[in-house]
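Undergrad: After the structure tokens below, expect a handful of questions from me.
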Amino acid sequence: MEQALATLLRTMVHHATVFLADAAEFYPFGGVVDRQHAVVPLSASPGGNFPKSADVLALLDKAIDEKFRQQEIHAAAIVADTTFRATPESAPMNAVRVTLLVPPAEPAVHYYPYRVVAGKVSILDHIVY
């Protein structure tokens with residue numbers, strides 16, 4: 001299972017960097033580890049051309065909760081484009097936030113501060129909360 005979680009995390013960050021390289025931003029998305037330990041991407045859309053990220057996150061949460069309830073998955077990740085401050089005094093940095101869900105443990109939140117220059121994405125750090 002540890003290998004599947006590492007693959008889930010690595011895959012989610014990879015997808016985020018592809019989206020960032022293409023558009024310099026992305027809507028929230030997710031991924032799950034299914035019963036066969038395969039990583040499966042997950043997306044959600046409330047419809048419309050420019051949905052609010054909060055609405056997309058709510059749909060992802062609902063879908064993942066249902067998959068856990070139906071015992072279809074072992075783990076899940078929700079990925080969002082956000083900002084991160086190391087301390088309240090520090091300047092905000094763009095970051096990929098990956099919330100890793102592996103019940104019954106508390107969610108682990110991973111931040112990957114990044115920079116995009118000329119379509120190239122550089123991950124600057126990996127911070128876990």
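Residue numbering restarts at 1 in every chain; chains get A, B, ... in the order shown in the structure tokens, and ligands count up from 1 in that same order.
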Can you tell me which residues surround Ala58 (chain A) at a distance of at most 12 Å, considering only C-alpha atoms, apart from same-chain residues fewer than 5 positions away, and format the answer as a ChimeraX atom specification?
TA: /A:28-30,43-46,51-53,63-65,78
Undergrad: Keeping only N, CA, C and O atoms, take the residues you just selected and write them out as a CSV table (one decimal), in the first residue's frame.
TA:
```
chain,number,residue,atom,x,y,z
A,28,PRO,N,-9.2,22.3,-9.5
A,28,PRO,CA,-8.9,21.1,-8.6
A,28,PRO,C,-9.3,19.8,-9.3
A,28,PRO,O,-10.2,19.8,-10.1
A,29,PHE,N,-8.5,18.8,-9.0
A,29,PHE,CA,-8.8,17.4,-9.5
A,29,PHE,C,-8.3,16.4,-8.4
A,29,PHE,O,-7.9,16.9,-7.3
A,30,GLY,N,-8.5,15.2,-8.7
A,30,GLY,CA,-8.1,14.2,-7.7
A,30,GLY,C,-7.6,12.9,-8.3
A,30,GLY,O,-7.5,12.8,-9.5
A,43,SER,N,-12.0,13.5,-11.7
A,43,SER,CA,-12.3,14.9,-11.9
A,43,SER,C,-13.8,15.2,-11.6
A,43,SER,O,-14.6,14.2,-11.5
A,44,ALA,N,-14.1,16.4,-11.5
A,44,ALA,CA,-15.5,16.8,-11.2
A,44,ALA,C,-15.8,18.2,-11.8
A,44,ALA,O,-14.9,19.0,-11.8
A,45,SER,N,-17.0,18.4,-12.2
A,45,SER,CA,-17.4,19.7,-12.7
A,45,SER,C,-18.8,20.0,-12.4
A,45,SER,O,-19.7,19.2,-12.7
A,46,PRO,N,-19.1,21.2,-11.8
A,46,PRO,CA,-20.5,21.5,-11.6
A,46,PRO,C,-21.2,22.1,-12.8
A,46,PRO,O,-22.3,22.5,-12.8
A,51,PRO,N,-16.4,27.5,-13.5
A,51,PRO,CA,-17.0,27.2,-12.2
A,51,PRO,C,-16.0,27.7,-11.1
A,51,PRO,O,-14.8,27.9,-11.3
A,52,LYS,N,-16.5,27.9,-9.9
A,52,LYS,CA,-15.7,28.2,-8.8
A,52,LYS,C,-14.9,27.0,-8.3
A,52,LYS,O,-15.5,25.9,-8.2
A,53,SER,N,-13.7,27.2,-7.9
A,53,SER,CA,-12.9,26.1,-7.5
A,53,SER,C,-13.5,25.4,-6.2
A,53,SER,O,-13.5,24.2,-6.1
A,63,ALA,N,-17.7,12.9,-4.0
A,63,ALA,CA,-17.4,11.7,-4.8
A,63,ALA,C,-16.5,10.8,-4.0
A,63,ALA,O,-16.7,9.6,-4.0
A,64,ILE,N,-15.5,11.3,-3.4
A,64,ILE,CA,-14.5,10.5,-2.7
A,64,ILE,C,-15.1,9.9,-1.4
A,64,ILE,O,-14.9,8.8,-1.1
A,65,ASP,N,-15.9,10.7,-0.7
A,65,ASP,CA,-16.6,10.2,0.5
A,65,ASP,C,-17.5,9.0,0.1
A,65,ASP,O,-17.5,8.0,0.8
A,78,ILE,N,-6.7,14.9,-3.2
A,78,ILE,CA,-7.4,16.1,-3.9
A,78,ILE,C,-6.3,17.1,-4.1
A,78,ILE,O,-5.5,17.4,-3.2
```
Undergrad: Pick out each residue of region 20-78 of chain A that DSSP on the backbone tags as strand (DSSP E); I need them as a ChimeraX atom specification.
TA: /A:29-34,39-42,73-78
Undergrad: Just the residues within 10 Å of Val79 (chain A), please, counting only C-alpha atoms, with nothing from its chain fewer than 6 positions along; format it as a ChimeraX atom specification.
TA: /A:9,12-13,15-16,26-31,57,60,96-100,109-111
Undergrad: Enumerate as a list in words all residues of region 62-125 of chain A assigned to alpha helix (DSSP H) by DSSP on the backbone, naming them with the chain letters and numbers the document uses.
TA: Lys62, Ala63, Ile64, Asp65, Glu66, Lys67, Phe68 and Arg69 of chain A
Undergrad: I'd like the neighbourhood of His74 (chain A) as an MDAnalysis selection string, where a residue qualifies if any of its atoms comes within 12 Å (using only C-alpha atoms), though same-chain residues fewer than 3 positions away should be ignored.
TA: chainID A and resid 1:2 4:5 8 31:40 64:65 67:71 77 100:105
Undergrad: With distances taken over only C-alpha atoms, which residue among A:Gly47, A:Pro113, A:Pro88, A:Pro41 lies nearest Thr7 (chain A)?
TA: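 Using only C-alpha atoms, Thr7 (chain A) sits closest to A:Pro41.
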Undergrad: Please measure the separation of CA of Ile123 (chain A) and CA of Asp61 (chain A), giving the value in Å to one decimal.
TA: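 Computing it gives 25.8 Å between the two atoms.
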